[in-house]
Structure formats: structure tokens, C-alpha cells
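*Asks:* Have a look at this one before I ask anything.
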Amino acid sequence: MTAVPQARGSGDDEVGIILPDGTGVPATVPVHIFAAAVDTFSSGQRLDMRSLARRIGMARATLYRRVGNREQLLDQVLWWRARRLLADQVRASADLTGTDRLTAVIGGVLRAIGADRPVRMFLESDPETALRLLTGPLSTVHRGMARALENLIDLERGRGAFDASLDTRTLAFAIVRVSEGFLYSDVIADRAPDIGRAVTVIEALLRGLDLVHRAPVMS
């Protein structure tokens, strides 16, 4: 049977589809602790558990019991910030479809992360931890971005605006890894980040695989 194209929803409806857990504060972290952690990170300071405990008037041992260790807390902060960036791009591209939509969202997210000063400062001051939390196989950011991209691809597939012979999970994984390779190339390969080239490569990949708009082969 031919799939019935899905009707377009509002940008906010689509955010809910692509990010089922929403963009709110993680339920596992008390709000006042998370707010202090976000403020520390966003100001470009090192997120130090001793300093954070002192700031919120809590014993360090209690802080660890409530939120886990430093990397676990940073993981949550980074993914919360990434979800908000992604939601903004989903809303901004609500009038686009198919490859145009996918390219716009991916490019918008990459440009926003590339211009995110706190993330760049984190990469410069603690590159090993930053890469592990941003790109590692257990990273909430890496896995979350891949899942969100899968949802976006499937959304466009479902409305008949995009299709590819490559399965969604593999395609999303490839795009995320290409994105990370260009976005963090100064840390990974001692090469200046080039988001423009990343978007060019990803768009070429999507258009090359897109079965919906592929030109017919002339006999």
C-alpha cells in the first residue's frame, strides 16, 4: 500500500515529534541546582562541583547524591542547551519540506553550535572531556541528536517529501558523525572548523539519496 502523506503540523507540534522529551529541565536534576549549573557553564566558567555546592549552599557529598558526578551534570546541561537550539531550528524551518527542511535544520544547528562561545571555551579548556561528552558513544548529546534527526527524517518521509534507500538510523548516524567531524575538527584533527563545507557535504548526501526528487534516467 502507498503511504498516505501526513498533514503538516505547527512548528511546536513538530518539536514535540522530533524531541518527545521536550526542551524542559531534566527531571532527574533539581531545578535550582540545574539553573546554577547552566549559569556557570553559560558564563564560560569551569563547572566545578566544589564551587557549585558552595554557591547553592549544599554539602558537596549531598550534591553528588542529587545529580551524580561532574560529567553527568555537564552531560545534562549540554543536552538541554542542544535541545533548545534544535527546537529553534525546527520552528524556523516549518515552511520547508524534504531535503530543504533537513538541510536547513542541520545547517542551522551547526551554525548555532559553532557560534556558541561557552561550548568553544569548554572545548579549549578541557578538550578531552568536551569531546567525550559531545561526541562519545555514551554521550547524551550525540545519541540524542541522532535520535532527533531520525525523527525529523521519518517526519519528512511520512509526509512523502523525502525518501531514501538507506535506512533512517544509518542515515542519521552518518550525518551526525559528518557534522561532528567538521564542527570539532580543530580538536579532533588540528584543522579549522568549516561549517559551510559540512552543510555542503550533508546536502549533497541527502540530495544524492533522495528518491522523491531524483531526476528520471533518460533511456
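A note on labels: chains of the C-alpha cells are A, B, ... as shown, every chain counts residues from 1, and ligands are counted from 1 in their shown order.
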For Ala164 (chain A), list every protein, DNA or RNA residue within 9 Å, evaluated using only C-alpha atoms, and leave out those in the same chain fewer than 5 positions away; present the list as a PyMOL selection string.

*Replies:* chain A and resi 157+171+206+208-212

*Asks:* Which residues in region 16-141 of chain A does DSSP call alpha helix (DSSP H)? List them as a VMD selection string.

*Replies:* chain A and resid 16 to 18 31 to 42 49 to 56 60 to 67 70 to 92 98 to 114 117 to 125 127 to 135 140 to 141

*Asks:* Any idea what's packed within 10 Å of Arg143 (chain A), counting only C-alpha atoms, ignoring anything in its chain fewer than 5 positions away? Could you give it as a VMD selection string?

*Replies:* chain A and resid 79 134 to 138 148 to 149 173 176

*Asks:* Deliver the residues from the most recent selection as a file, using C-alpha atoms, as a JSON list (two decimals), in the first residue's frame.

*Replies:*
[["chain", "number", "residue", "atom", "x", "y", "z"],
["A", 79, "TRP", "CA", 21.89, 18.19, 26.02],
["A", 134, "LEU", "CA", 29.73, 15.93, 22.83],
["A", 135, "THR", "CA", 30.65, 13.04, 20.53],
["A", 136, "GLY", "CA", 31.34, 9.90, 22.59],
["A", 137, "PRO", "CA", 29.24, 6.75, 22.10],
["A", 138, "LEU", "CA", 27.70, 7.18, 25.57],
["A", 148, "ALA", "CA", 16.10, 13.63, 16.94],
["A", 149, "LEU", "CA", 17.44, 13.55, 13.38],
["A", 173, "PHE", "CA", 24.20, 8.39, 12.25],
["A", 176, "VAL", "CA", 25.75, 13.33, 12.88]]

*Asks:* What's around Ile195 (chain A) at 12 Å? Count only C-alpha atoms, leave out sequence neighbours fewer than 6 positions away in its own chain, and write the answer as a list in words.

*Replies:*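 Here the qualifying residues turn out to be Ile106, Gly107, Gly108, Val109, Leu110, Arg111, Ala112, Ile113, Gly114, Ala115, Val178, Ser179, Glu180, Gly181, Phe182, Leu183, Tyr184, Ser185, Asp186, Val201 and Ile202 of chain A.
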
*Asks:* Just how far from CA of Ser43 (chain A) is CA of Arg66 (chain A), in Å to one decimal?

*Replies:*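 According to the coordinates, CA of Arg66 (chain A) and CA of Ser43 (chain A) are separated by 23.0 Å.
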